Amino acid sequence: MTQATLWQRCVSLFSRQAGNPGANLLSPDDLYAALERERLRADRTGSTFAVVSFSPVWDQVREATAAELARILRPRLRGSDQAGLMADGRVGLLLPDTPAAGARTLADGVLAQWTAAVPAPVPEIYVYPSDVKWWERLERIRAAAGIVPEAQPAARLLLKPMPRWKRALDVAGAGLGLLLLSPMLAVVAAAIKLSSPGPVFFKQRRAGRGGVPFWMYKFRSMVADAESQQTALRALNERDGPTFKIERDPRVTRLGRFLRATNIDELPQLWNVFQGDMSLVGPRPLPCDESDACTGWQRRRLDVTPGLTCIWQAHAHRAKVSFVEWVRMDLRYIKSLSLKLDLRLILHTLKLTCGRKAGK
């Protein structure tokens, strides 16, 4: 049964229970769009909203479960609330201006009124805004009790899946790049090892899709203890927002200046792309502490997989771009995501990098 057919049957059942042929149950696409609009409103006004989902209604008992849900929910929903079918078959309720406690009251009320012979669906609660370190809490609770948290972040429902063409481009591009550049990568690794004490690679925890941390790799371009020196250099930071950047950073080695000027230090991230933690094109991943310091609307850049290059990275004068404008570039990319745009940014980045190598 297709998603469209499931939605149509669910609409029919909800309409029948409501005694209204025109009763509105949003399609998965329309429910997602409503969630997007509510997040924009919450970011603008500082309000809170919640989502309650009920486990898939089409896997076993189907009509009986959907009909009972419709019977109970219709009189309980406010005029501002919206119900719809989610992409995975769950029924989702969008509750504006509602904290987690209010969503729990509604979910408990549904279970208390359940009279059908079929098993009651399992509710899950999502709230926005939420703890930025939700993945740590989720893992701790699952490990301890095998259950999900009382309230999960609603932003998880808005994460955008990677298109198949994009993953295919990543695997092909990163794989070919690693193969063709392997002789040069070996030479660079040897040069780093010989020029300064410390490891060849620098790895750092960065915020990936949904804010989930991953290890990002670069060729080491600084002294081995660079991160421990950052606090002492904080007063010299030349960037606004939560990011840290010094144009003439004293921690950068002589070889490191060349690697940074030519972007060669970024090439190990092709392995991150091949693994799936990153994409060839996408918002640049920030260190976890800088990402956590972003405000609500700025965290929308975490809706997609981070990238090796992006609109900001391909910008010739990116050092002069404010952090707010940088994030707006990322959001513009997410909104306009397409194969044509990815290819254009990859080519523009290569052209910009080659121009730097040639000293232009």
# chains A, B, ... in the order shown; residues from 1 in each chain; ligands from 1
call {"tool": "select_by_dssp", "arguments": {"residues": "region 89-237 of chain A", "states": "helix (DSSP H, G or I)", "output": "PDB file with C-alpha atoms, in the first residue's frame"}}
result
ATOM      1  CA  ALA A 100       6.100  18.868  27.045  1.00  0.00           C
ATOM      2  CA  ALA A 101       3.810  18.571  30.084  1.00  0.00           C
ATOM      3  CA  GLY A 102       0.771  19.596  28.034  1.00  0.00           C
ATOM      4  CA  ALA A 103       1.626  17.082  25.320  1.00  0.00           C
ATOM      5  CA  ARG A 104       1.993  14.344  27.951  1.00  0.00           C
ATOM      6  CA  THR A 105      -1.448  15.195  29.348  1.00  0.00           C
ATOM      7  CA  LEU A 106      -2.975  14.760  25.892  1.00  0.00           C
ATOM      8  CA  ALA A 107      -1.143  11.471  25.265  1.00  0.00           C
ATOM      9  CA  ASP A 108      -2.167  10.072  28.658  1.00  0.00           C
ATOM     10  CA  GLY A 109      -5.758  11.156  28.015  1.00  0.00           C
ATOM     11  CA  VAL A 110      -5.842   9.234  24.737  1.00  0.00           C
ATOM     12  CA  LEU A 111      -4.614   6.062  26.442  1.00  0.00           C
ATOM     13  CA  ALA A 112      -7.087   6.511  29.318  1.00  0.00           C
ATOM     14  CA  TRP A 134      19.666  15.504  23.050  1.00  0.00           C
ATOM     15  CA  TRP A 135      21.671  12.631  21.521  1.00  0.00           C
ATOM     16  CA  GLU A 136      23.695  12.166  24.722  1.00  0.00           C
ATOM     17  CA  ARG A 137      20.559  12.037  26.844  1.00  0.00           C
ATOM     18  CA  LEU A 138      18.908   9.620  24.421  1.00  0.00           C
ATOM     19  CA  GLU A 139      21.859   7.222  24.496  1.00  0.00           C
ATOM     20  CA  ARG A 140      22.114   7.324  28.306  1.00  0.00           C
ATOM     21  CA  ILE A 141      18.426   6.584  28.810  1.00  0.00           C
ATOM     22  CA  ARG A 142      18.328   3.845  26.189  1.00  0.00           C
ATOM     23  CA  ALA A 143      21.417   2.200  27.697  1.00  0.00           C
ATOM     24  CA  ALA A 144      20.007   2.368  31.218  1.00  0.00           C
ATOM     25  CA  ALA A 145      16.396   1.383  30.668  1.00  0.00           C
ATOM     26  CA  ALA A 154      11.049  18.203  17.617  1.00  0.00           C
ATOM     27  CA  ALA A 155      13.970  19.314  15.429  1.00  0.00           C
ATOM     28  CA  ARG A 156      14.641  15.601  14.853  1.00  0.00           C
ATOM     29  CA  LEU A 157      11.405  15.418  12.875  1.00  0.00           C
ATOM     30  CA  LEU A 158      12.682  18.127  10.521  1.00  0.00           C
ATOM     31  CA  ARG A 164      20.165   9.328  -3.452  1.00  0.00           C
ATOM     32  CA  TRP A 165      21.871  11.365  -6.175  1.00  0.00           C
ATOM     33  CA  LYS A 166      23.774  13.301  -3.502  1.00  0.00           C
ATOM     34  CA  ARG A 167      25.064  10.188  -1.741  1.00  0.00           C
ATOM     35  CA  ALA A 168      26.055   8.670  -5.102  1.00  0.00           C
ATOM     36  CA  LEU A 169      27.968  11.859  -5.966  1.00  0.00           C
ATOM     37  CA  ASP A 170      29.678  11.777  -2.559  1.00  0.00           C
ATOM     38  CA  VAL A 171      30.804   8.156  -2.838  1.00  0.00           C
ATOM     39  CA  ALA A 172      32.008   8.552  -6.420  1.00  0.00           C
ATOM     40  CA  GLY A 173      33.681  11.923  -5.839  1.00  0.00           C
ATOM     41  CA  ALA A 174      35.342  11.057  -2.511  1.00  0.00           C
ATOM     42  CA  GLY A 175      36.421   7.613  -3.700  1.00  0.00           C
ATOM     43  CA  LEU A 176      37.930   8.948  -6.912  1.00  0.00           C
ATOM     44  CA  GLY A 177      39.561  11.847  -5.061  1.00  0.00           C
ATOM     45  CA  LEU A 178      41.203   9.575  -2.487  1.00  0.00           C
ATOM     46  CA  LEU A 179      42.450   7.270  -5.250  1.00  0.00           C
ATOM     47  CA  LEU A 180      43.870   9.956  -7.532  1.00  0.00           C
ATOM     48  CA  LEU A 181      45.309  12.112  -4.753  1.00  0.00           C
ATOM     49  CA  SER A 182      46.841   9.275  -2.711  1.00  0.00           C
ATOM     50  CA  PRO A 183      50.439   9.953  -3.906  1.00  0.00           C
ATOM     51  CA  MET A 184      50.140  13.635  -2.968  1.00  0.00           C
ATOM     52  CA  LEU A 185      48.479  12.786   0.361  1.00  0.00           C
ATOM     53  CA  ALA A 186      51.403  10.502   1.194  1.00  0.00           C
ATOM     54  CA  VAL A 187      53.926  13.252   0.385  1.00  0.00           C
ATOM     55  CA  VAL A 188      52.031  15.782   2.535  1.00  0.00           C
ATOM     56  CA  ALA A 189      51.848  13.309   5.426  1.00  0.00           C
ATOM     57  CA  ALA A 190      55.606  12.738   5.259  1.00  0.00           C
ATOM     58  CA  ALA A 191      56.281  16.483   5.096  1.00  0.00           C
ATOM     59  CA  ILE A 192      54.154  17.151   8.193  1.00  0.00           C
ATOM     60  CA  LYS A 193      55.892  14.382  10.113  1.00  0.00           C
ATOM     61  CA  LEU A 194      59.339  15.689   9.206  1.00  0.00           C
ATOM     62  CA  SER A 195      58.636  19.403   9.688  1.00  0.00           C
ATOM     63  CA  ARG A 209      23.449  16.212  10.931  1.00  0.00           C
ATOM     64  CA  GLY A 210      21.045  16.855  13.792  1.00  0.00           C
ATOM     65  CA  GLY A 211      23.966  18.006  15.925  1.00  0.00           C
ATOM     66  CA  ALA A 226      47.135  24.028  19.562  1.00  0.00           C
ATOM     67  CA  GLU A 227      43.758  23.330  21.169  1.00  0.00           C
ATOM     68  CA  SER A 228      45.106  23.784  24.705  1.00  0.00           C
ATOM     69  CA  GLN A 229      46.359  27.255  23.692  1.00  0.00           C
ATOM     70  CA  GLN A 230      43.023  28.498  22.328  1.00  0.00           C
ATOM     71  CA  THR A 231      41.699  29.827  25.641  1.00  0.00           C
ATOM     72  CA  ALA A 232      44.736  32.069  26.047  1.00  0.00           C
ATOM     73  CA  LEU A 233      44.259  33.395  22.507  1.00  0.00           C
ATOM     74  CA  ARG A 234      40.496  33.995  22.803  1.00  0.00           C
ATOM     75  CA  ALA A 235      40.967  37.781  23.123  1.00  0.00           C
ATOM     76  CA  LEU A 236      42.585  37.835  19.660  1.00  0.00           C
TER      77      LEU A 236
END
call {"tool": "atom_distance", "arguments": {"atom1": "CA of Trp271 (chain A)", "atom2": "CA of Met216 (chain A)"}}
result
9.1 Å
call {"tool": "residues_around", "arguments": {"residues": "Ala42 (chain A)", "least_positions_apart": "2", "cutoff": "10 Å", "atoms": "only C-alpha atoms", "output": "list in words"}}
result
Glu36, Arg37, Glu38, Arg39, Leu40, Arg44, Thr45, Gly46, Ser47, Thr48, Phe49, Pro96, Asp97, Tyr128, Pro129, Gly296 and Trp297 of chain A
call {"tool": "write_last_selection", "arguments": {"atoms": "N, CA and C atoms", "output": "mmCIF file, in the first residue's frame"}}
result
data_model
loop_
_atom_site.group_PDB
_atom_site.id
_atom_site.type_symbol
_atom_site.label_atom_id
_atom_site.label_comp_id
_atom_site.auth_asym_id
_atom_site.auth_seq_id
_atom_site.Cartn_x
_atom_site.Cartn_y
_atom_site.Cartn_z
ATOM 1 N N GLU A 36 7.623 22.907 9.759
ATOM 2 C CA GLU A 36 8.602 23.918 9.351
ATOM 3 C C GLU A 36 8.107 25.314 9.700
ATOM 4 N N ARG A 37 6.838 25.598 9.374
ATOM 5 C CA ARG A 37 6.278 26.922 9.658
ATOM 6 C C ARG A 37 6.237 27.187 11.161
ATOM 7 N N GLU A 38 5.879 26.171 11.937
ATOM 8 C CA GLU A 38 5.791 26.358 13.386
ATOM 9 C C GLU A 38 7.173 26.584 13.992
ATOM 10 N N ARG A 39 8.197 25.913 13.453
ATOM 11 C CA ARG A 39 9.551 26.157 13.954
ATOM 12 C C ARG A 39 9.982 27.588 13.644
ATOM 13 N N LEU A 40 9.668 28.081 12.449
ATOM 14 C CA LEU A 40 9.994 29.466 12.105
ATOM 15 C C LEU A 40 9.315 30.434 13.064
ATOM 16 N N ARG A 44 11.075 32.914 15.913
ATOM 17 C CA ARG A 44 10.836 34.358 15.854
ATOM 18 C C ARG A 44 10.239 34.897 17.157
ATOM 19 N N THR A 45 9.346 34.152 17.767
ATOM 20 C CA THR A 45 8.604 34.647 18.933
ATOM 21 C C THR A 45 9.127 34.106 20.264
ATOM 22 N N GLY A 46 9.955 33.066 20.215
ATOM 23 C CA GLY A 46 10.423 32.461 21.452
ATOM 24 C C GLY A 46 9.414 31.530 22.086
ATOM 25 N N SER A 47 8.395 31.119 21.332
ATOM 26 C CA SER A 47 7.370 30.230 21.875
ATOM 27 C C SER A 47 7.831 28.770 21.851
ATOM 28 N N THR A 48 7.024 27.914 22.455
ATOM 29 C CA THR A 48 7.300 26.476 22.510
ATOM 30 C C THR A 48 6.179 25.722 21.815
ATOM 31 N N PHE A 49 6.510 24.661 21.116
ATOM 32 C CA PHE A 49 5.467 23.789 20.580
ATOM 33 C C PHE A 49 5.850 22.341 20.816
ATOM 34 N N PRO A 96 0.742 23.794 18.839
ATOM 35 C CA PRO A 96 1.422 25.090 19.052
ATOM 36 C C PRO A 96 1.273 25.568 20.487
ATOM 37 N N ASP A 97 2.259 26.348 20.954
ATOM 38 C CA ASP A 97 2.226 26.961 22.286
ATOM 39 C C ASP A 97 1.936 25.933 23.379
ATOM 40 N N TYR A 128 9.888 21.599 21.104
ATOM 41 C CA TYR A 128 10.809 22.591 20.536
ATOM 42 C C TYR A 128 10.604 23.921 21.248
ATOM 43 N N PRO A 129 11.691 24.586 21.685
ATOM 44 C CA PRO A 129 13.100 24.175 21.576
ATOM 45 C C PRO A 129 13.433 23.108 22.606
ATOM 46 N N GLY A 296 18.662 29.559 18.223
ATOM 47 C CA GLY A 296 17.673 28.641 17.659
ATOM 48 C C GLY A 296 17.644 28.575 16.142
ATOM 49 N N TRP A 297 17.437 29.728 15.475
ATOM 50 C CA TRP A 297 17.286 29.700 14.022
ATOM 51 C C TRP A 297 18.586 29.299 13.335
#
call {"tool": "closest_residue", "arguments": {"among": "A:Pro199, A:Arg260, A:Leu339, A:Leu159", "to": "Thr305 (chain A)", "atoms": "only C-alpha atoms"}}
result
A:Leu159
call {"tool": "residues_around", "arguments": {"residues": "Ala120 (chain A)", "least_positions_apart": "6", "cutoff": "10 Å", "atoms": "only C-alpha atoms", "output": "PyMOL selection string"}}
result
chain A and resi 54-55+57+65+68-69+110-114
call {"tool": "atom_distance", "arguments": {"atom1": "CA of Gly198 (chain A)", "atom2": "CA of Gln275 (chain A)"}}
result
25.3 Å
call {"tool": "residues_around", "arguments": {"residues": "Pro242 (chain A)", "least_positions_apart": "3", "cutoff": "10 Å", "atoms": "only C-alpha atoms", "output": "list in words"}}
result
Arg239, Leu286, Pro287, Asp289, Glu290, Ser291, Asp292, Ala293, Cys294, Thr295 and Phe323 of chain A
call {"tool": "closest_residue", "arguments": {"among": "A:Val304, A:Leu267, A:Val273, A:Val122", "to": "Val91 (chain A)", "atoms": "only C-alpha atoms"}}
result
A:Val122
call {"tool": "select_by_dssp", "arguments": {"residues": "region 146-320 of chain A", "states": "strand (DSSP E or B)", "output": "PyMOL selection string"}}
result
chain A and resi 152-153+201-207+213-219+222+252+279-281+287+307-309
call {"tool": "residues_around", "arguments": {"residues": "Ser322 (chain A)", "least_positions_apart": "4", "cutoff": "8 Å", "atoms": "only C-alpha atoms", "output": "list in words"}}
result
Arg239, Asp240, Gly241 and Trp326 of chain A
call {"tool": "write_last_selection", "arguments": {"atoms": "C-alpha atoms", "output": "compact mmCIF listing (two decimals), in the first residue's frame"}}
result
# COMPACT_ATOMS: atom_id res chain seq x y z
CA ARG A 239 35.37 36.48 14.01
CA ASP A 240 31.95 37.37 15.37
CA GLY A 241 29.44 34.85 16.66
CA TRP A 326 27.41 32.74 6.80
